[in-house]
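Enquirer: Mind having a look at this structure? Questions to follow.
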Amino acid sequence: MPEIQPQPGIMDIEFYQAGSSHATGAENTVKLSSNENPFGPSPAAIEALGKTAHMLHRYPSTDHLPLRKAIAEAFDLWSDNIICGVGSDEIISFLCYSYAGPGDEVIHTEHGFAMYRISTLAAGATPVEVPEHRRMTDVDAILAACNERTKIVFIANPNNPTGKTIDGNTLRDFCMRVGKKTTVIIDEAYNELTQNPEYSSMVDLVRENQNIIVTRTFSKLYGMAGMRVGYALGRSDLINIVGNHVMAWPNIVGLAAAHATYAEDDFIEFSLEKINQGREILNSTFKMHDIKPLPSETNFVFADIGRSVNKFEPKLRERNIQVHRAYSLYPNHLRVSLGKIEDLMKFRKVFSEVYTS
Ligand SMILES: Cc1ncc(COP(=O)(O)O)c(C=O)c1O
């Protein structure tokens, strides 16, 4: 037995299967695996990168105040309510380190975003997985699972990989019923992509000083996944624990690019229009083969193709199409991220050929 041992939770973390980034030897791979915005980054982000390049030898300010102020203004909050991190992934981790430890429980939903479990275990706390009901987050089951050890509940809305949303009233009611000693973290990574009138952000509850933290990201609609910038909005006393005690410190170019892209309405509008068109192509591709995808509010579509993805996905990959492949989570489902229209047309062709062969 080696003398140096990691803390026990670390050994329970399985390798994170991120969307694959490249296929060996393939120049023209169509990447539809990571829920990115294929139209990004925006022109303003690229310009900001250029302008910041000569600053790379400098550390960024630790308080990243300009970006926090811009976000606060957009949400009618104070900069004390905002913290930025190296992707919302880092904020998820820092929230776990800040609010959960050995003996505490952290709830996430079945098939919930992998970082919830990873960060919980890294903090030495215990993840509690609550089953979904027909691929929907089951808020009653979550309430039933809460107890005096529950320190955090994570809910992604819209959810990944299902793409489904919980309506605003149901989620708000849930947040108000969770005990005062539990922080509810609503992960709104896909918020800006959602056009469902019944959906609503839980940032209102932050304004009402509730025990709620909302996380957002520049990786999805803003088209900056490679830059790794995310943020959280919450009550200042909750956010300051992370800001003052755990070091959240995004990089200098990422901060500048995120700031520049934040108010760039034309890019956002253009991306949304293309993403909506792309979603239709994916939905109709599945429907052509009598497959019913789950209604998606996001930049990806999740569909039960009625056969083993473990066998099916490699056939797509051989033909340079990459889709998400966490087989163990959903053995008959494909999660296909949106791409440029021409890439989705390639997916349609290859998928149809493989499916009917
Ligand atoms: C639900 C959800 N939350 C958070 C993230 C992480 O985003 P970021 O790139 O900001 O770390 C993802 C990424 O896929 C996601 O699907």
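Order determines the names: the first chain of the structure tokens is A, the second B, and so forth; residues in each chain are numbered 1 upward, and ligands are numbered 1 upward as they are shown.
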How would you write, as a list of chain:residue names, the set of residues no farther than 6 Å from ligand 1 when counting only C-alpha atoms and all ligand atoms?

Expert: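 Residues satisfying the distance criterion: A:Gly87, A:Ser88, A:Asp89, A:Phe113, A:Ala156, A:Asn159, A:Asn160, A:Asp187, A:Ala189, A:Thr217, A:Ser219, A:Ala225, A:Arg228, A:Val229, A:Gly230.
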
Enquirer: Those same residues, written as an mmCIF file, in the first residue's frame with N, CA and C atoms?

Expert:
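Once written, result-v1.cif looks like this:
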data_model
loop_
_atom_site.group_PDB
_atom_site.id
_atom_site.type_symbol
_atom_site.label_atom_id
_atom_site.label_comp_id
_atom_site.auth_asym_id
_atom_site.auth_seq_id
_atom_site.Cartn_x
_atom_site.Cartn_y
_atom_site.Cartn_z
ATOM 1 N N GLY A 87 -14.812 28.797 -16.285
ATOM 2 C CA GLY A 87 -15.998 28.022 -16.654
ATOM 3 C C GLY A 87 -16.931 27.934 -15.451
ATOM 4 N N SER A 88 -18.198 27.634 -15.707
ATOM 5 C CA SER A 88 -19.088 27.447 -14.553
ATOM 6 C C SER A 88 -18.695 26.166 -13.812
ATOM 7 N N ASP A 89 -17.963 25.268 -14.508
ATOM 8 C CA ASP A 89 -17.424 24.070 -13.842
ATOM 9 C C ASP A 89 -16.656 24.432 -12.575
ATOM 10 N N PHE A 113 -25.691 16.675 -14.777
ATOM 11 C CA PHE A 113 -24.379 17.056 -15.290
ATOM 12 C C PHE A 113 -23.276 16.478 -14.377
ATOM 13 N N ALA A 156 -30.113 21.415 -13.044
ATOM 14 C CA ALA A 156 -29.811 22.117 -14.301
ATOM 15 C C ALA A 156 -31.135 22.384 -15.008
ATOM 16 N N ASN A 159 -32.021 21.069 -18.705
ATOM 17 C CA ASN A 159 -31.167 19.969 -18.258
ATOM 18 C C ASN A 159 -30.264 19.468 -19.395
ATOM 19 N N ASN A 160 -29.160 18.895 -19.012
ATOM 20 C CA ASN A 160 -28.257 18.219 -19.942
ATOM 21 C C ASN A 160 -28.077 16.802 -19.394
ATOM 22 N N ASP A 187 -28.464 25.569 -12.240
ATOM 23 C CA ASP A 187 -27.461 25.671 -13.300
ATOM 24 C C ASP A 187 -28.187 26.084 -14.580
ATOM 25 N N ALA A 189 -26.854 27.004 -17.530
ATOM 26 C CA ALA A 189 -25.867 27.066 -18.623
ATOM 27 C C ALA A 189 -26.542 27.291 -19.980
ATOM 28 N N THR A 217 -22.923 30.644 -18.022
ATOM 29 C CA THR A 217 -21.631 30.428 -18.692
ATOM 30 C C THR A 217 -21.506 31.202 -19.993
ATOM 31 N N SER A 219 -19.796 29.702 -22.287
ATOM 32 C CA SER A 219 -19.397 28.592 -23.166
ATOM 33 C C SER A 219 -20.466 28.191 -24.168
ATOM 34 N N ALA A 225 -16.493 28.476 -25.385
ATOM 35 C CA ALA A 225 -16.185 27.317 -24.529
ATOM 36 C C ALA A 225 -14.681 27.179 -24.275
ATOM 37 N N ARG A 228 -13.150 29.283 -21.263
ATOM 38 C CA ARG A 228 -13.459 28.848 -19.903
ATOM 39 C C ARG A 228 -13.813 30.024 -18.985
ATOM 40 N N VAL A 229 -14.928 30.667 -19.265
ATOM 41 C CA VAL A 229 -15.409 31.716 -18.353
ATOM 42 C C VAL A 229 -16.883 31.443 -18.035
ATOM 43 N N GLY A 230 -17.177 31.356 -16.745
ATOM 44 C CA GLY A 230 -18.552 31.202 -16.293
ATOM 45 C C GLY A 230 -18.780 32.123 -15.116
#

Enquirer: Within 10 Å of range 274-285 of chain A, which residues of range 36-103 of chain A come that close, and what is the closest atom pair and distance in Å for each? Count only C-alpha atoms and give it as a Markdown table.

Expert:
| residue | atom | partner | partner_atom | distance |
| --- | --- | --- | --- | --- |
| A:Asn37 | CA | A:Ile275 | CA | 8.1 |
| A:Pro38 | CA | A:Ile275 | CA | 9.0 |
| A:Phe39 | CA | A:Lys274 | CA | 8.5 |

Enquirer: Excluding range 119-125 of chain A and any residue of its chain fewer than 5 positions from it, enumerate the residues within 7 Å of it, using only C-alpha atoms, and give them as a VMD selection string.

Expert: chain A and resid 9 to 10 13 92 to 93 96 to 97 100 to 106

Enquirer: Report the distance between CA of Ile252 in chain A and CA of Ile268 in chain A in Å, rounded to one decimal place.

Expert: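 A separation of 22.7 Å between them.
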
Enquirer: Would you mind listing what lies within 12 Å of Ser34 in chain A as a PyMOL selection string, with only C-alpha atoms counted and same-chain residues fewer than 2 positions away left out?

Expert: chain A and resi 17-22+30-32+36-38+160-161+219-220+223+225-226+299-301+322-326+335-339

Enquirer: Output the selection as an mmCIF file, in the first residue's frame - N, CA and C atoms for each residue.

Expert:
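In the end it all went to part_22.cif:
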data_model
loop_
_atom_site.group_PDB
_atom_site.id
_atom_site.type_symbol
_atom_site.label_atom_id
_atom_site.label_comp_id
_atom_site.auth_asym_id
_atom_site.auth_seq_id
_atom_site.Cartn_x
_atom_site.Cartn_y
_atom_site.Cartn_z
ATOM 1 N N GLN A 17 -16.335 11.839 -19.108
ATOM 2 C CA GLN A 17 -16.386 11.662 -20.562
ATOM 3 C C GLN A 17 -16.886 12.938 -21.217
ATOM 4 N N ALA A 18 -15.989 13.874 -21.453
ATOM 5 C CA ALA A 18 -16.404 15.099 -22.158
ATOM 6 C C ALA A 18 -16.658 14.726 -23.616
ATOM 7 N N GLY A 19 -17.372 15.604 -24.335
ATOM 8 C CA GLY A 19 -17.574 15.361 -25.759
ATOM 9 C C GLY A 19 -16.223 15.232 -26.437
ATOM 10 N N SER A 20 -16.074 14.205 -27.307
ATOM 11 C CA SER A 20 -14.754 13.961 -27.886
ATOM 12 C C SER A 20 -14.345 15.138 -28.779
ATOM 13 N N SER A 21 -13.048 15.399 -28.866
ATOM 14 C CA SER A 21 -12.588 16.593 -29.569
ATOM 15 C C SER A 21 -12.027 16.318 -30.960
ATOM 16 N N HIS A 22 -11.577 15.117 -31.209
ATOM 17 C CA HIS A 22 -11.035 14.850 -32.528
ATOM 18 C C HIS A 22 -11.109 13.360 -32.828
ATOM 19 N N VAL A 30 -16.837 16.270 -38.211
ATOM 20 C CA VAL A 30 -17.981 17.098 -37.830
ATOM 21 C C VAL A 30 -18.209 16.879 -36.341
ATOM 22 N N LYS A 31 -17.944 17.919 -35.548
ATOM 23 C CA LYS A 31 -18.015 17.753 -34.094
ATOM 24 C C LYS A 31 -19.381 18.210 -33.578
ATOM 25 N N LEU A 32 -20.171 17.238 -33.160
ATOM 26 C CA LEU A 32 -21.517 17.536 -32.650
ATOM 27 C C LEU A 32 -21.651 16.905 -31.263
ATOM 28 N N GLU A 36 -21.571 23.143 -28.011
ATOM 29 C CA GLU A 36 -20.943 24.451 -28.178
ATOM 30 C C GLU A 36 -21.800 25.299 -29.115
ATOM 31 N N ASN A 37 -21.409 26.561 -29.298
ATOM 32 C CA ASN A 37 -22.012 27.375 -30.354
ATOM 33 C C ASN A 37 -21.055 27.352 -31.534
ATOM 34 N N PRO A 38 -21.404 26.622 -32.623
ATOM 35 C CA PRO A 38 -20.454 26.470 -33.731
ATOM 36 C C PRO A 38 -20.184 27.776 -34.463
ATOM 37 N N ASN A 160 -29.160 18.895 -19.012
ATOM 38 C CA ASN A 160 -28.257 18.219 -19.942
ATOM 39 C C ASN A 160 -28.077 16.802 -19.394
ATOM 40 N N PRO A 161 -28.318 15.726 -20.121
ATOM 41 C CA PRO A 161 -28.438 15.621 -21.570
ATOM 42 C C PRO A 161 -29.865 15.652 -22.121
ATOM 43 N N SER A 219 -19.796 29.702 -22.287
ATOM 44 C CA SER A 219 -19.397 28.592 -23.166
ATOM 45 C C SER A 219 -20.466 28.191 -24.168
ATOM 46 N N LYS A 220 -21.699 28.545 -23.915
ATOM 47 C CA LYS A 220 -22.769 28.002 -24.767
ATOM 48 C C LYS A 220 -23.180 29.044 -25.801
ATOM 49 N N GLY A 223 -20.531 31.321 -27.289
ATOM 50 C CA GLY A 223 -19.543 30.748 -28.206
ATOM 51 C C GLY A 223 -18.098 30.837 -27.739
ATOM 52 N N ALA A 225 -16.493 28.476 -25.385
ATOM 53 C CA ALA A 225 -16.185 27.317 -24.529
ATOM 54 C C ALA A 225 -14.681 27.179 -24.275
ATOM 55 N N GLY A 226 -13.871 27.467 -25.304
ATOM 56 C CA GLY A 226 -12.423 27.303 -25.164
ATOM 57 C C GLY A 226 -11.794 28.300 -24.200
ATOM 58 N N ASN A 299 -29.067 23.780 -27.299
ATOM 59 C CA ASN A 299 -28.295 23.606 -28.531
ATOM 60 C C ASN A 299 -27.891 22.148 -28.738
ATOM 61 N N PHE A 300 -28.732 21.241 -28.261
ATOM 62 C CA PHE A 300 -28.513 19.814 -28.532
ATOM 63 C C PHE A 300 -29.862 19.104 -28.516
ATOM 64 N N VAL A 301 -29.874 17.912 -29.126
ATOM 65 C CA VAL A 301 -31.114 17.130 -29.191
ATOM 66 C C VAL A 301 -30.798 15.728 -28.682
ATOM 67 N N GLN A 322 -18.919 13.089 -34.925
ATOM 68 C CA GLN A 322 -18.792 12.870 -33.476
ATOM 69 C C GLN A 322 -20.047 13.339 -32.763
ATOM 70 N N VAL A 323 -20.645 12.425 -32.005
ATOM 71 C CA VAL A 323 -21.776 12.796 -31.143
ATOM 72 C C VAL A 323 -21.398 12.402 -29.724
ATOM 73 N N HIS A 324 -22.250 12.749 -28.749
ATOM 74 C CA HIS A 324 -21.880 12.453 -27.368
ATOM 75 C C HIS A 324 -22.020 10.954 -27.106
ATOM 76 N N ARG A 325 -21.083 10.427 -26.321
ATOM 77 C CA ARG A 325 -21.110 8.969 -26.153
ATOM 78 C C ARG A 325 -20.873 8.523 -24.719
ATOM 79 N N ALA A 326 -21.764 8.951 -23.829
ATOM 80 C CA ALA A 326 -21.703 8.449 -22.448
ATOM 81 C C ALA A 326 -22.695 7.279 -22.375
ATOM 82 N N ARG A 335 -27.036 11.906 -27.965
ATOM 83 C CA ARG A 335 -27.153 13.354 -27.762
ATOM 84 C C ARG A 335 -26.331 14.025 -28.846
ATOM 85 N N VAL A 336 -27.021 14.765 -29.698
ATOM 86 C CA VAL A 336 -26.351 15.390 -30.835
ATOM 87 C C VAL A 336 -26.388 16.905 -30.650
ATOM 88 N N SER A 337 -25.210 17.524 -30.624
ATOM 89 C CA SER A 337 -25.148 18.979 -30.460
ATOM 90 C C SER A 337 -25.359 19.646 -31.812
ATOM 91 N N LEU A 338 -25.804 20.885 -31.766
ATOM 92 C CA LEU A 338 -26.020 21.597 -33.020
ATOM 93 C C LEU A 338 -24.687 22.018 -33.619
ATOM 94 N N GLY A 339 -24.664 21.989 -34.949
ATOM 95 C CA GLY A 339 -23.477 22.428 -35.672
ATOM 96 C C GLY A 339 -23.910 23.419 -36.734
#

Enquirer: Excluding Ala144 in chain A and any residue of its chain fewer than 5 positions from it, enumerate the residues within 12 Å of it, using only C-alpha atoms, and give them as a PyMOL selection string.

Expert: chain A and resi 107+128+130-131+138-139+150+174+177-179

Enquirer: Among range 18-181 of chain A, which ones does DSSP assign to helix (DSSP H, G or I) (computed from the backbone)? Answer as a PyMOL selection string.

Expert: chain A and resi 43-55+65-75+79-81+87-99+114-122+139-145+168-177

Enquirer: Would you pick out the contacts of range 231-241 of chain A at 9 Å or less, using only C-alpha atoms, so that residues sharing its chain but fewer than 6 positions from it are not included, and give the list as a VMD selection string?

Expert: chain A and resid 68 71 to 72 77 to 88 91 to 92 95 98 187 203 205 to 218
